[in-house]
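Novice: I'm passing along upload17.txt; it holds compact mmCIF, C-alpha atoms.
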```
# COMPACT_ATOMS: atom_id res chain seq x y z
CA MET K 1 -14.54 39.06 61.90
CA GLY K 2 -14.41 35.38 62.76
CA TRP K 3 -17.69 34.51 60.99
CA LEU K 4 -16.64 36.47 57.89
CA GLY K 5 -13.49 34.45 57.70
CA GLU K 6 -15.54 31.28 58.21
CA THR K 7 -18.01 32.22 55.42
CA VAL K 8 -15.25 33.06 53.01
CA ASP K 9 -13.60 29.79 53.82
CA SER K 10 -16.80 27.78 53.27
CA VAL K 11 -17.54 29.58 49.99
CA LYS K 12 -14.03 28.89 48.75
CA SER K 13 -14.24 25.24 49.69
CA ILE K 14 -17.58 24.80 47.87
CA GLN K 15 -16.10 26.33 44.73
CA ILE K 16 -13.07 24.09 44.83
CA ARG K 17 -15.22 20.99 45.31
CA GLN K 18 -17.54 22.00 42.50
CA LEU K 19 -14.61 22.67 40.24
CA LEU K 20 -13.07 19.29 41.00
CA THR K 21 -16.34 17.42 40.48
CA GLN K 22 -17.03 19.09 37.17
CA ALA K 23 -13.50 18.57 35.97
CA ILE K 24 -13.45 14.88 36.79
CA SER K 25 -16.86 14.18 35.29
CA LEU K 26 -16.06 16.13 32.12
CA VAL K 27 -12.70 14.46 31.63
CA CYS K 28 -14.09 10.99 32.24
CA CYS K 29 -17.07 11.62 29.98
CA LEU K 30 -15.04 13.11 27.16
CA ILE K 31 -12.24 10.58 27.24
CA GLY K 32 -14.80 7.80 27.55
CA MET K 33 -16.66 9.08 24.51
CA ILE K 34 -13.52 9.60 22.43
CA VAL K 35 -12.13 6.19 23.22
CA THR K 36 -15.42 4.39 22.68
CA SER K 37 -16.24 6.08 19.39
CA SER K 38 -12.70 5.48 18.08
CA LEU K 39 -13.01 1.82 18.98
CA ILE K 40 -16.41 1.60 17.26
CA ILE K 41 -15.06 3.21 14.08
CA TRP K 42 -11.98 0.93 14.11
CA LYS K 43 -14.00 -2.25 14.52
CA ALA K 44 -16.48 -1.15 11.86
CA LEU K 45 -13.59 -0.56 9.44
CA ILE K 46 -12.27 -4.05 10.17
CA CYS K 47 -15.71 -5.50 9.35
CA VAL K 48 -16.17 -3.48 6.16
CA THR K 49 -12.72 -4.05 4.69
CA GLY K 50 -12.40 -7.67 5.79
CA SER K 51 -8.85 -7.07 6.94
CA GLU K 52 -7.40 -7.23 10.45
CA SER K 53 -5.55 -4.01 9.86
CA PRO K 54 -7.75 -1.80 7.74
CA VAL K 55 -5.42 1.19 7.85
CA VAL K 56 -1.62 1.19 8.00
CA VAL K 57 0.96 3.95 8.08
CA VAL K 58 3.88 3.75 5.65
CA LEU K 59 7.04 3.62 7.77
CA SER K 60 9.90 3.07 5.33
CA GLU K 61 11.08 4.50 2.03
CA SER K 62 11.04 1.21 0.18
CA MET K 63 8.03 2.15 -1.95
CA GLU K 64 9.09 5.66 -2.92
CA PRO K 65 8.27 7.78 -4.82
CA GLY K 66 4.77 6.32 -4.76
CA PHE K 67 4.33 5.93 -1.02
CA GLN K 68 6.27 8.23 1.24
CA ARG K 69 6.87 7.83 4.93
CA GLY K 70 3.84 9.16 6.75
CA ASP K 71 1.22 8.23 4.16
CA ILE K 72 -1.79 6.22 5.21
CA LEU K 73 -2.88 3.18 3.19
CA PHE K 74 -6.40 1.79 3.12
CA LEU K 75 -6.45 -1.97 2.91
CA HIS K 76 -9.05 -4.38 1.64
CA MET K 77 -8.91 -8.14 1.73
CA SER K 78 -11.14 -10.07 -0.63
CA LYS K 79 -11.20 -13.69 -1.70
CA ASP K 80 -9.89 -12.69 -5.13
CA PRO K 81 -6.66 -14.44 -6.06
CA ILE K 82 -3.42 -12.60 -5.54
CA ARG K 83 -1.94 -11.37 -8.80
CA ALA K 84 1.30 -9.73 -9.87
CA GLY K 85 1.42 -5.96 -9.49
CA GLU K 86 -0.86 -5.76 -6.48
CA ILE K 87 0.45 -3.93 -3.46
CA VAL K 88 0.04 -6.20 -0.48
CA VAL K 89 0.63 -5.83 3.24
CA PHE K 90 2.14 -8.86 4.89
CA ASN K 91 3.63 -10.02 8.17
CA ILE K 92 6.77 -12.10 8.44
CA ASP K 93 6.67 -14.83 11.09
CA GLY K 94 8.46 -13.52 14.11
CA ARG K 95 8.20 -9.83 13.23
CA ASP K 96 5.33 -7.60 14.20
CA ILE K 97 5.76 -4.67 11.82
CA PRO K 98 3.75 -5.22 8.62
CA ILE K 99 5.52 -4.63 5.31
CA VAL K 100 3.89 -2.98 2.29
CA HIS K 101 5.40 -4.12 -1.01
CA ARG K 102 4.41 -5.10 -4.53
CA VAL K 103 3.91 -8.66 -5.79
CA ILE K 104 6.30 -9.48 -8.63
CA LYS K 105 5.95 -13.25 -8.96
CA VAL K 106 2.97 -15.55 -8.56
CA HIS K 107 2.81 -19.33 -8.90
CA GLU K 108 -0.66 -20.73 -8.29
CA ARG K 109 -1.26 -24.48 -7.84
CA LYS K 110 -3.88 -26.13 -9.99
CA ASN K 111 -5.30 -28.56 -7.50
CA THR K 112 -5.30 -26.65 -4.23
CA GLY K 113 -5.39 -23.05 -5.41
CA GLU K 114 -2.54 -22.33 -3.01
CA VAL K 115 -0.20 -19.64 -4.18
CA ASP K 116 3.51 -18.85 -3.91
CA VAL K 117 4.16 -15.13 -3.94
CA LEU K 118 7.35 -13.09 -4.17
CA THR K 119 7.33 -9.39 -3.31
CA LYS K 120 9.65 -6.44 -3.80
CA GLY K 121 9.65 -2.83 -2.75
CA ASP K 122 9.57 -0.49 -5.75
CA ASN K 123 12.53 1.46 -4.45
CA ASN K 124 14.58 -1.57 -3.39
CA PRO K 125 17.23 -3.05 -5.68
CA GLY K 126 16.40 -6.67 -4.87
CA ASP K 127 13.39 -8.76 -3.99
CA ASP K 128 12.18 -9.45 -0.47
CA ARG K 129 13.73 -12.90 0.05
CA LEU K 130 16.22 -11.21 2.40
CA LEU K 131 13.31 -10.07 4.55
CA TYR K 132 11.48 -13.37 4.72
CA ALA K 133 12.12 -15.83 7.55
CA LYS K 134 15.17 -18.04 7.30
CA GLY K 135 14.71 -20.62 4.58
CA GLN K 136 11.47 -19.07 3.39
CA LEU K 137 11.40 -18.50 -0.36
CA TRP K 138 7.76 -17.53 -0.91
CA LEU K 139 4.88 -15.83 0.81
CA HIS K 140 1.58 -17.66 1.10
CA ARG K 141 -1.95 -16.40 1.38
CA HIS K 142 -2.04 -16.57 5.15
CA HIS K 143 0.88 -14.15 5.41
CA ILE K 144 -1.03 -11.46 3.53
CA MET K 145 -3.24 -9.12 5.53
CA GLY K 146 -4.69 -7.05 2.77
CA ARG K 147 -4.30 -5.26 -0.53
CA ALA K 148 -3.71 -1.51 -0.64
CA VAL K 149 -6.63 0.05 -2.48
CA GLY K 150 -6.31 3.74 -1.69
CA PHE K 151 -4.24 6.20 0.20
CA LEU K 152 -4.04 9.59 1.86
CA PRO K 153 -0.75 11.48 1.94
CA TYR K 154 0.89 12.92 5.08
CA VAL K 155 -1.91 12.02 7.51
CA GLY K 156 0.11 9.22 9.11
CA TRP K 157 2.81 11.57 10.40
CA VAL K 158 0.77 12.05 13.57
CA THR K 159 1.23 8.37 14.40
CA ILE K 160 4.92 8.35 13.51
CA ILE K 161 5.68 11.39 15.64
CA MET K 162 3.77 10.03 18.60
CA THR K 163 5.58 6.69 18.36
CA GLU K 164 9.07 8.07 17.89
CA LYS K 165 8.81 10.96 20.34
CA PRO K 166 6.43 9.88 23.10
CA ILE K 167 6.89 13.19 24.91
CA ILE K 168 4.65 14.78 22.28
CA LYS K 169 1.94 12.25 23.15
CA TYR K 170 2.06 13.33 26.80
CA ILE K 171 2.08 17.03 25.92
CA LEU K 172 -0.97 16.51 23.69
CA ILE K 173 -2.90 14.60 26.33
CA GLY K 174 -2.00 17.18 28.94
CA ALA K 175 -3.12 20.02 26.70
CA LEU K 176 -6.38 18.22 25.92
CA GLY K 177 -7.04 17.73 29.62
CA LEU K 178 -6.34 21.38 30.36
CA LEU K 179 -8.65 22.43 27.53
CA VAL K 180 -11.45 20.27 28.89
CA ILE K 181 -11.12 21.55 32.42
CA SER K 182 -10.84 25.18 31.45
CA SER K 183 -13.83 25.14 29.13
CA ARG K 184 -16.45 24.15 31.67
CA ASP K 185 -19.67 25.99 31.11
CA MET W 186 -19.82 29.82 23.49
CA HIS W 187 -17.59 32.18 21.58
CA SER W 188 -14.36 31.47 23.39
CA PHE W 189 -11.16 30.90 21.48
CA GLY W 190 -11.24 27.21 22.23
CA TYR W 191 -14.68 26.67 20.70
CA ARG W 192 -13.83 28.70 17.63
CA ALA W 193 -10.55 26.88 17.09
CA ASN W 194 -12.29 23.54 17.46
CA ALA W 195 -15.04 24.46 15.01
CA LEU W 196 -12.50 25.74 12.50
CA LEU W 197 -10.37 22.63 12.76
CA THR W 198 -13.32 20.26 12.36
CA PHE W 199 -14.63 22.16 9.38
CA SER W 200 -11.29 22.32 7.61
CA VAL W 201 -10.63 18.62 8.10
CA THR W 202 -14.09 17.76 6.79
CA ALA W 203 -13.65 20.06 3.80
CA LEU W 204 -10.23 18.54 3.02
CA ALA W 205 -11.63 15.02 3.19
CA PHE W 206 -14.47 16.03 0.88
CA ILE W 207 -12.06 17.59 -1.64
CA CYS W 208 -9.89 14.47 -1.63
CA ALA W 209 -12.93 12.31 -2.29
CA ILE W 210 -14.00 14.51 -5.20
CA ALA W 211 -10.48 14.50 -6.64
CA SER W 212 -10.46 10.74 -6.56
CA PHE W 213 -13.93 10.52 -8.06
CA SER W 214 -13.00 12.82 -10.95
CA ASP W 215 -10.60 10.14 -12.18
CA LYS W 216 -13.60 8.10 -13.31
CA PHE W 217 -14.32 10.58 -16.09
CA SER W 218 -10.94 10.48 -17.77
CA ASN W 219 -10.76 8.85 -21.21
CA GLN W 220 -8.05 6.27 -21.27
CA ASN W 221 -6.62 4.49 -24.30
CA PRO W 222 -3.14 3.22 -23.66
CA SER W 223 -1.30 1.07 -26.21
CA ALA W 224 1.72 -1.17 -26.15
CA GLU W 225 3.79 -3.54 -28.23
CA ILE W 226 6.42 -6.01 -27.15
CA GLN W 227 8.86 -7.94 -29.28
CA ILE W 228 11.29 -10.56 -28.17
CA LEU W 229 14.57 -9.65 -29.78
CA ASN W 230 16.49 -12.67 -28.62
CA ILE W 231 16.34 -15.62 -26.28
CA ASN W 232 19.77 -15.39 -24.77
CA ARG W 233 19.81 -18.50 -22.63
CA LEU W 234 17.44 -21.30 -21.66
CA LYS W 235 19.05 -23.48 -19.08
CA LYS W 236 18.47 -25.78 -16.17
CA GLN W 237 19.82 -24.46 -12.91
CA SER W 238 22.19 -26.57 -10.85
CA TYR W 239 19.53 -27.22 -8.21
CA GLY W 240 16.74 -27.95 -10.58
CA ASN W 241 14.54 -25.20 -11.99
CA ASP W 242 14.48 -23.94 -15.56
CA GLU W 243 15.67 -20.40 -16.17
CA VAL W 244 15.39 -18.20 -19.22
CA SER W 245 17.16 -14.98 -20.10
CA LEU W 246 15.81 -12.87 -22.93
CA THR W 247 16.06 -9.45 -24.51
CA LEU W 248 12.86 -7.50 -25.09
CA ASP W 249 11.87 -4.52 -27.19
CA ILE W 250 9.06 -2.74 -25.34
CA SER W 251 7.22 0.24 -26.74
CA ALA W 252 4.21 1.80 -25.05
CA ASP W 253 2.10 4.92 -24.96
CA LEU W 254 0.58 5.41 -21.52
CA GLN W 255 0.11 9.17 -21.76
CA SER W 256 -3.68 9.00 -21.62
CA LEU W 257 -3.54 7.51 -18.13
CA PHE W 258 -2.24 10.72 -16.57
CA THR W 259 -4.76 13.05 -14.98
CA TRP W 260 -4.24 16.01 -12.68
CA ASN W 261 -4.67 13.60 -9.76
CA THR W 262 -1.94 11.20 -10.90
CA LYS W 263 1.23 10.95 -8.89
CA GLN W 264 2.95 8.20 -10.87
CA VAL W 265 2.24 5.16 -13.00
CA PHE W 266 4.00 1.89 -12.21
CA ALA W 267 4.26 -0.26 -15.33
CA PHE W 268 5.67 -3.75 -15.60
CA VAL W 269 5.90 -6.58 -18.12
CA ALA W 270 5.08 -10.05 -16.86
CA ALA W 271 5.39 -13.40 -18.58
CA GLU W 272 2.29 -15.48 -17.88
CA TYR W 273 1.96 -19.16 -18.61
CA GLU W 274 0.38 -22.36 -17.39
CA THR W 275 2.09 -25.62 -16.48
CA SER W 276 0.89 -29.07 -15.51
CA LYS W 277 1.31 -28.32 -11.81
CA ASN W 278 0.45 -24.62 -11.73
CA SER W 279 -2.72 -23.10 -13.15
CA LEU W 280 -1.01 -19.73 -13.40
CA ASN W 281 2.55 -18.48 -13.30
CA GLN W 282 3.24 -14.77 -13.40
CA VAL W 283 6.85 -13.66 -13.52
CA SER W 284 7.66 -9.98 -13.69
CA LEU W 285 10.46 -9.40 -16.18
CA TRP W 286 10.84 -5.65 -16.18
CA ASP W 287 9.26 -2.64 -14.53
CA VAL W 288 9.46 1.13 -14.58
CA ILE W 289 8.14 4.03 -12.56
CA ILE W 290 6.70 6.75 -14.80
CA PRO W 291 6.62 10.01 -12.89
CA ASP W 292 4.87 12.23 -15.45
CA LYS W 293 3.17 12.39 -18.81
CA GLU W 294 6.31 13.23 -20.77
CA HIS W 295 7.94 9.94 -19.81
CA ALA W 296 4.84 7.89 -20.50
CA LYS W 297 5.55 7.32 -24.17
CA PHE W 298 8.67 5.28 -24.54
CA ARG W 299 10.53 2.55 -26.37
CA ILE W 300 13.20 0.53 -24.66
CA GLN W 301 15.32 -2.49 -25.45
CA THR W 302 16.42 -4.39 -22.40
CA SER W 303 17.22 -7.80 -21.08
CA ASN W 304 14.96 -9.02 -18.32
CA LYS W 305 15.48 -7.13 -15.08
CA TYR W 306 14.26 -9.97 -12.89
CA ARG W 307 15.16 -13.60 -13.34
CA PHE W 308 12.63 -15.70 -15.22
CA ILE W 309 12.70 -18.90 -13.21
CA ASP W 310 10.12 -21.67 -13.38
CA GLN W 311 9.02 -24.01 -10.61
CA GLY W 312 10.22 -27.15 -12.36
CA HIS W 313 11.37 -27.99 -15.88
CA ASN W 314 8.43 -26.72 -17.89
CA LEU W 315 9.96 -24.00 -20.02
CA ARG W 316 11.14 -25.92 -23.08
CA GLY W 317 8.76 -25.21 -25.93
CA ARG W 318 6.51 -23.32 -23.51
CA GLU W 319 4.02 -20.84 -24.95
CA PHE W 320 3.39 -17.74 -22.88
CA ASN W 321 1.76 -14.33 -22.85
CA LEU W 322 3.58 -11.10 -22.28
CA THR W 323 1.32 -8.74 -20.40
CA LEU W 324 1.97 -5.07 -19.83
CA HIS W 325 0.37 -4.14 -16.50
CA TRP W 326 0.05 -0.62 -15.16
CA HIS W 327 -0.89 0.69 -11.76
CA VAL W 328 -1.91 4.31 -11.46
CA MET W 329 -1.05 5.78 -8.07
CA PRO W 330 -3.08 8.93 -7.41
CA LYS W 331 -2.06 11.98 -5.47
CA THR W 332 -4.93 11.04 -3.21
CA GLY W 333 -7.62 8.38 -3.31
CA LYS W 334 -8.30 5.11 -5.07
CA MET W 335 -5.61 3.28 -7.02
CA LEU W 336 -6.40 1.92 -10.45
CA ALA W 337 -4.86 -0.99 -12.33
CA ASP W 338 -5.28 -2.55 -15.76
CA LYS W 339 -3.32 -4.44 -18.40
CA ILE W 340 -2.84 -5.34 -22.05
CA VAL W 341 -2.36 -9.05 -22.75
CA MET W 342 -0.21 -9.99 -25.73
CA PRO W 343 -0.34 -13.72 -26.42
CA GLY W 344 1.62 -15.88 -28.75
CA TYR W 345 5.21 -15.91 -27.56
CA SER W 346 7.12 -19.15 -27.12
CA LEU W 347 10.38 -20.53 -25.92
CA PRO W 348 12.77 -22.84 -27.79
CA ASP W 349 12.29 -26.59 -27.59
CA ALA W 350 15.74 -27.36 -26.26
CA TYR W 351 18.12 -25.92 -23.74
CA LYS W 352 20.61 -23.47 -25.20
```
How does this structure look as structure tokens?

Specialist:
Amino acid sequence: MGWLGETVDSVKSIQIRQLLTQAISLVCCLIGMIVTSSLIIWKALICVTGSESPVVVVLSESMEPGFQRGDILFLHMSKDPIRAGEIVVFNIDGRDIPIVHRVIKVHERKNTGEVDVLTKGDNNPGDDRLLYAKGQLWLHRHHIMGRAVGFLPYVGWVTIIMTEKPIIKYILIGALGLLVISSRD
Amino acid sequence: MHSFGYRANALLTFSVTALAFICAIASFSDKFSNQNPSAEIQILNINRLKKQSYGNDEVSLTLDISADLQSLFTWNTKQVFAFVAAEYETSKNSLNQVSLWDVIIPDKEHAKFRIQTSNKYRFIDQGHNLRGREFNLTLHWHVMPKTGKMLADKIVMPGYSLPDAYK
């Protein structure tokens, strides 16, 4: 019975090795493809919309009821001058979360074309001077990353959940990995 | 090939694609709506035209705003954001836009209105250019859809002016 045991052992070991090889190659291939294609789509969007951040997720309630938390905004940045009423996305020096608010005041210089802009969230009682950097009264063109031109409701919740509860991110990745391994053909 | 995983994946991909397609069509259907909004603004009173302690001119006024924006609402409209801005030119600035008053219109019933109000936001110049200044009052509106592309337009009403002296 020694050789039977040996054969069984060798068969089992081949299966385990095959399983491991397939699993690793599938996971690497799939993750590689997903990551690469996402990157390609993201970079293409940046090119097409002319904005560094072509898509943002609405994080606060300052633009309700128009934009709710979890909505996705599509941005576009063109050379057109900034005018009152436009919804712009801007960064404050020293903070890394972009803010999406509406322009309520514009003062454009004759000679240089430079512009002073004041913004306010629709749902906020006062304008954004409290949010700007200390001593800053106006936004300028270089602060503004894009204009909101369209939006999709609710889709951004995926990002918010994964940021605020990272455990869900790990569960999702784990489940994806399991799915890939178990669906070898 | 017919395992649960494959079927779930196919279903999910198809439903997401179908949803995206429906959203695009909903947004596209807005192009066919016939829109003819109207508005009229009167200045009831210039309450105050003064020079602030640290330099800039400021004006406070009372407006009578009447508008009919009902034709802007389609089945894909979530809300309309309307605001009145004073627009004028000065020697230093080619354009000044100062929002005086705004409103969020959630549905068609509220889109026809008449309101008398003093300016919600302070009308402050960059400098001392407001005495005798002529300006336009423009009613802007931004239509925010339930899904898709946002749309904006305006009605320009020229011919308003401020008093020649501080008061």

Novice: What are the residues of chain W that have an atom within 7 Å of an atom of chain K, counting all atoms listed in the file, as a PyMOL selection string?

Specialist: chain W and resi 264+277-284+329+332-335

Novice: Which of these residues is nearest to Gln68 (chain K), using all atoms listed in the file: W:Asn241, W:Phe258, W:Ser212, W:Lys331?

Specialist: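 When distances to Gln68 (chain K) are compared using all atoms listed in the file, the smallest one comes from W:Lys331.
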
Novice: As an exercise, work out the distance from CA of Thr198 (chain W) to CA of Val155 (chain K) in Å and give it to one decimal place.

Specialist: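 Those two atoms sit 14.9 Å apart.
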
Novice: Need the shell around Arg233 (chain W): protein/DNA/RNA residues with any atom at most 10 Å away, counting only C-alpha atoms. Skip same-chain ones fewer than 6 positions apart. Format as a ChimeraX atom specification?

Specialist: /W:243-247,348,351-352

Novice: Any idea what the distance is between CA of Ile92 (chain K) and CA of Leu139 (chain K)?

Specialist: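 Rounded to one decimal, the two atoms are 8.7 Å apart.
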
Novice: With all atoms listed in the file as the basis for distance, which of K:His76, K:Lys120, K:Arg69, K:His143 is at the shortest distance from Asp96 (chain K)?

Specialist: K:His143

Novice: Output, as AutoDock Vina command-line options, the centre and edge lengths in Å (one decimal) of the axis-aligned box that contains all listed atoms of region 334-351 of chain W with 4 Å of margin on each side.

Specialist:
```
--center_x 4.9 --center_y -11.1 --center_z -16.9 --size_x 34.4 --size_y 40.5 --size_z 31.7
```
